[in-house]
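The structure under discussion appears below in the form of structure tokens.
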Amino acid sequence: MVNNVVSSKKYIVGGMEILVNFHASLFCFPSHNGSTLFEVSTLLSDNHWIFDFHPSDGLDESLLIPVFCGNDSFQDEIPYRWSIVTKDNEKGIFFEFQNHPTLISGLAIYEMSSKTISVNLVPKLNETFELDPFFHPLGILSLVEMVRSHQALIIHASAVNDGGNGYLFSAVSGTGKSTMAALWRQMGATIINDDRVIISVRDNGVELNNTPMPYYEDYSKTVALSKLFLIKQSLHNYIKPLSTIQATLGLMGNCIQHHYNKNHVEFQLGLLEQITKSYEVFELGFKPDTDIVNFVRTQFDERKI
């Protein structure tokens, strides 16, 4: 294994500072798309996360103890398999690709005490290729592990900045998160993200952040949370306040989570309860046209919220 750092870049994702080191000339950072616009020139703290990427001739799966199986078969929309594993009492993620152009498989080991993620990748060919350090599934799975140290969680949702108001629209896949974001953009709002959002509890309130998307280029964005909505498509637009327990459980069901660790589940429930006690959460039924934007704006104007 080569230990010398060949190239490095720095990133900020959801307020978390991250140093990425490539330990082989085989890997090169992409010049565009993916996480490119999350790059920064300087890290402000020594207490940052470190991603170390190494090439490997192969991974001995017999040394890995499965803890949680996330996706155990290749599918058209998800052409990779992954599972949470332990190796030498350290937790990690093992992943294997079906038809990836440059990678066969990989193993990321999380050393949480030192905030270091060591990634071993098995390449297809021994020639240089571009590697986005936040590629699927490594990027999002690693962020799910990391955010707990920053009083944050990741949820399936779209979020917009509407004149300084941060609105989060959460739902199961296919219910209309991306549609909702697009409708708000048509009406002048800025999309924070249309698929997965980091919700962070800060000293001065709750913040919504986007995450790097591997399939398109986007810059790092944030907005202070104003309202949360659990959305569903409907024949007519309506809005209904939810109780703290309804809101907490509804949002919990849409969080990116892995039900293998009781402490992790309790952490997410506790953080969501803290948020839903401080911020209003609504069920929002909507028809997929821009009337829903005016409907929400009018509701809150009339309520003087």
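We label chains A, B, ... in the order they appear in the structure tokens, count residues from 1 in each chain, and number ligands from 1 in the order shown.
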Query raised in the report: What's the 8 Å shell around Val85 of chain A, counting only C-alpha atoms, without same-chain residues fewer than 6 positions away, as a list of chain:residue names?
Result: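 After dropping sequence-adjacent residues, the list is A:Leu64, A:Ile65, A:Pro66, A:Val67, A:Phe68, A:Lys91, A:Gly92, A:Ile93, A:Phe94.
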Query - Contact residues around segment 14-28 of chain A with only C-alpha atoms at 8 Å, ignoring same-chain residues under 5 positions, as a count of residues only - result: 34
Query raised in the report: Excluding same-chain residues fewer than 2 positions from segment 32-36 of chain A, what lies within 10 Å of it counting only C-alpha atoms, as a ChimeraX atom specification?
Result: /A:9,11-13,29-30,38-40,131-135,139,211-220
Requested in this report: For segment 153-169 of chain A, work out the shell of residues within 6 Å, counting only C-alpha atoms and skipping chain neighbours fewer than 3 positions away, then give it as a PyMOL selection string.
Outcome: chain A and resi 147+177+189-199+223-230+254-256
Query raised in the report: Mind checking DSSP for segment 196-260 of chain A and telling me the helix (DSSP H, G or I) residues as a PyMOL selection string?
Result: chain A and resi 244-252
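Distances from A:Ser105, A:Ser142, A:Gln299, A:Ser170 to Ser118 of chain A were compared using only C-alpha atoms, and the smallest one belongs to A:Ser142.
Checking A:Thr102, A:Ala152, A:Glu111, A:Ser31 one by one against Leu125 of chain A, counting only C-alpha atoms, you find the shortest gap at A:Thr102.
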Query raised in the report: Out of A:Val144, A:Leu284, A:Ile292, A:Val201, which residue has the shortest atom-to-atom distance to Leu242 of chain A when counting only C-alpha atoms?
Result: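 Once distances to Leu242 of chain A are computed over only C-alpha atoms, the minimum belongs to A:Leu284.
Across segment 43-93 of chain A, DSSP run on the backbone finds strand (DSSP E) at Trp49, Ile50, Phe51, Asp52, Phe53, His54, Pro55, Ile65, Pro66, Val67, Phe68, Cys69, Gly70, Asn71, Tyr80, Arg81, Trp82, Ser83, Ile84, Val85, Thr86, Lys87, Glu90, Lys91, Gly92 and Ile93 of chain A.
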Just N, CA and C atoms for this one: save the residues we selected as a CSV table (one decimal), in the first residue's frame.
chain,number,residue,atom,x,y,z
A,49,TRP,N,-12.4,16.2,9.1
A,49,TRP,CA,-12.4,14.8,8.7
A,49,TRP,C,-11.4,14.6,7.6
A,50,ILE,N,-10.9,13.4,7.6
A,50,ILE,CA,-9.9,13.0,6.6
A,50,ILE,C,-10.4,11.8,5.8
A,51,PHE,N,-10.4,11.8,4.5
A,51,PHE,CA,-10.6,10.7,3.6
A,51,PHE,C,-9.3,10.3,3.0
A,52,ASP,N,-8.8,9.1,3.2
A,52,ASP,CA,-7.6,8.6,2.6
A,52,ASP,C,-8.0,7.5,1.6
A,53,PHE,N,-7.7,7.7,0.3
A,53,PHE,CA,-8.0,6.8,-0.8
A,53,PHE,C,-6.7,6.0,-1.2
A,54,HIS,N,-6.8,4.7,-1.2
A,54,HIS,CA,-5.7,3.8,-1.6
A,54,HIS,C,-6.2,2.8,-2.7
A,55,PRO,N,-5.4,2.5,-3.7
A,55,PRO,CA,-5.7,1.4,-4.6
A,55,PRO,C,-5.4,0.0,-3.9
A,65,ILE,N,-17.1,-8.9,8.7
A,65,ILE,CA,-18.2,-9.4,9.4
A,65,ILE,C,-19.4,-8.6,9.1
A,66,PRO,N,-20.4,-9.1,8.3
A,66,PRO,CA,-21.6,-8.3,8.0
A,66,PRO,C,-22.4,-7.8,9.2
A,67,VAL,N,-22.8,-6.6,9.2
A,67,VAL,CA,-23.6,-6.1,10.3
A,67,VAL,C,-25.0,-5.7,9.8
A,68,PHE,N,-25.1,-5.1,8.6
A,68,PHE,CA,-26.3,-4.7,8.0
A,68,PHE,C,-26.2,-4.7,6.5
A,69,CYS,N,-27.2,-5.4,5.9
A,69,CYS,CA,-27.2,-5.4,4.4
A,69,CYS,C,-28.0,-4.3,3.8
A,70,GLY,N,-27.4,-3.4,3.1
A,70,GLY,CA,-28.2,-2.3,2.6
A,70,GLY,C,-28.8,-2.6,1.3
A,71,ASN,N,-28.1,-3.2,0.4
A,71,ASN,CA,-28.6,-3.6,-1.0
A,71,ASN,C,-27.8,-4.8,-1.4
A,80,TYR,N,-25.2,-1.4,-7.8
A,80,TYR,CA,-24.1,-1.8,-6.9
A,80,TYR,C,-24.7,-2.4,-5.7
A,81,ARG,N,-23.9,-3.2,-4.9
A,81,ARG,CA,-24.3,-3.8,-3.7
A,81,ARG,C,-23.5,-3.2,-2.6
A,82,TRP,N,-24.1,-3.1,-1.4
A,82,TRP,CA,-23.3,-2.5,-0.3
A,82,TRP,C,-23.8,-3.1,1.0
A,83,SER,N,-23.0,-3.1,2.0
A,83,SER,CA,-23.3,-3.6,3.4
A,83,SER,C,-22.4,-2.9,4.4
A,84,ILE,N,-22.9,-2.8,5.6
A,84,ILE,CA,-22.1,-2.3,6.7
A,84,ILE,C,-21.5,-3.5,7.3
A,85,VAL,N,-20.2,-3.4,7.6
A,85,VAL,CA,-19.4,-4.5,8.1
A,85,VAL,C,-18.5,-4.0,9.2
A,86,THR,N,-17.9,-5.0,9.9
A,86,THR,CA,-16.8,-4.7,10.8
A,86,THR,C,-15.6,-5.5,10.4
A,87,LYS,N,-14.4,-4.9,10.6
A,87,LYS,CA,-13.1,-5.5,10.3
A,87,LYS,C,-12.2,-5.1,11.5
A,90,GLU,N,-13.4,-2.5,13.8
A,90,GLU,CA,-13.7,-1.1,13.2
A,90,GLU,C,-14.8,-1.3,12.2
A,91,LYS,N,-15.8,-0.3,12.3
A,91,LYS,CA,-16.9,-0.4,11.4
A,91,LYS,C,-16.6,0.2,10.0
A,92,GLY,N,-17.2,-0.3,9.0
A,92,GLY,CA,-17.0,0.2,7.6
A,92,GLY,C,-18.1,-0.1,6.7
A,93,ILE,N,-17.9,0.2,5.4
A,93,ILE,CA,-18.8,0.0,4.3
A,93,ILE,C,-18.1,-0.8,3.2
Query - Residue nearest Phe295 of chain A among A:His236, A:His264, A:His136, A:Arg185 (counting only C-alpha atoms) - result: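 Of the candidates, the smallest distance to Phe295 of chain A is held by A:His236.
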Requested in this report: Work out how far apart atom CA of Asn237 of chain A and atom CA of Lys287 of chain A are and give it in Å to one decimal.
Outcome: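 Answer for the atom CA of Asn237 of chain A to atom CA of Lys287 of chain A separation: 6.1 Å.
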Requested in this report: Compare A:Tyr260, A:Pro101, A:Lys10, A:Asn120 by their minimum atom-to-atom distance to Asp60 of chain A, counting only C-alpha atoms, and give me the closest one.
Outcome: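 The closest residue to Asp60 of chain A is A:Asn120.
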Query raised in the report: Between atom CA of Ser243 of chain A and atom CA of Thr175 of chain A, what is the distance, to one decimal in Å?
Result: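 We find that atom CA of Ser243 of chain A and atom CA of Thr175 of chain A lie 21.8 Å from each other.
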Query - Glu273 of chain A environment, 10 Å, only C-alpha atoms, sequence neighbours closer than 6 positions dropped, as a list in words - result: Thr244, Ile245, Ala247, Thr248, Leu249, Leu251, Met252, Phe267 and Tyr279 of chain A
Write to file, as a PDB file, in the first residue's frame, the residues of the selection just made, with N, CA and C atoms.
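The file below, part.pdb, is the result:
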ATOM      1  N   THR A 244     -46.349  17.006  17.547  1.00  0.00           N
ATOM      2  CA  THR A 244     -44.928  16.698  17.667  1.00  0.00           C
ATOM      3  C   THR A 244     -44.654  15.225  17.391  1.00  0.00           C
ATOM      4  N   ILE A 245     -45.477  14.350  17.932  1.00  0.00           N
ATOM      5  CA  ILE A 245     -45.250  12.913  17.747  1.00  0.00           C
ATOM      6  C   ILE A 245     -45.500  12.501  16.298  1.00  0.00           C
ATOM      7  N   ALA A 247     -45.219  14.439  13.669  1.00  0.00           N
ATOM      8  CA  ALA A 247     -44.148  15.023  12.872  1.00  0.00           C
ATOM      9  C   ALA A 247     -42.850  14.246  13.036  1.00  0.00           C
ATOM     10  N   THR A 248     -42.525  13.898  14.278  1.00  0.00           N
ATOM     11  CA  THR A 248     -41.270  13.186  14.546  1.00  0.00           C
ATOM     12  C   THR A 248     -41.245  11.842  13.838  1.00  0.00           C
ATOM     13  N   LEU A 249     -42.321  11.068  13.985  1.00  0.00           N
ATOM     14  CA  LEU A 249     -42.362   9.746  13.364  1.00  0.00           C
ATOM     15  C   LEU A 249     -42.432   9.835  11.846  1.00  0.00           C
ATOM     16  N   LEU A 251     -41.170  12.238   9.891  1.00  0.00           N
ATOM     17  CA  LEU A 251     -39.858  12.614   9.382  1.00  0.00           C
ATOM     18  C   LEU A 251     -38.853  11.482   9.570  1.00  0.00           C
ATOM     19  N   MET A 252     -38.963  10.761  10.690  1.00  0.00           N
ATOM     20  CA  MET A 252     -38.043   9.657  10.957  1.00  0.00           C
ATOM     21  C   MET A 252     -38.110   8.610   9.845  1.00  0.00           C
ATOM     22  N   PHE A 267     -30.603   8.392  18.712  1.00  0.00           N
ATOM     23  CA  PHE A 267     -30.038   9.707  18.414  1.00  0.00           C
ATOM     24  C   PHE A 267     -30.919  10.451  17.423  1.00  0.00           C
ATOM     25  N   TYR A 279     -40.058  23.804  15.747  1.00  0.00           N
ATOM     26  CA  TYR A 279     -40.491  24.267  14.430  1.00  0.00           C
ATOM     27  C   TYR A 279     -41.800  23.590  14.060  1.00  0.00           C
TER      28      TYR A 279
END
**Report entry** Contact residues around Leu183 of chain A with only C-alpha atoms at 7 Å, ignoring same-chain residues under 3 positions, as a list in words
**Finding:** Thr179, Met180, Gln186, Met187, Asp289 and Thr290 of chain A
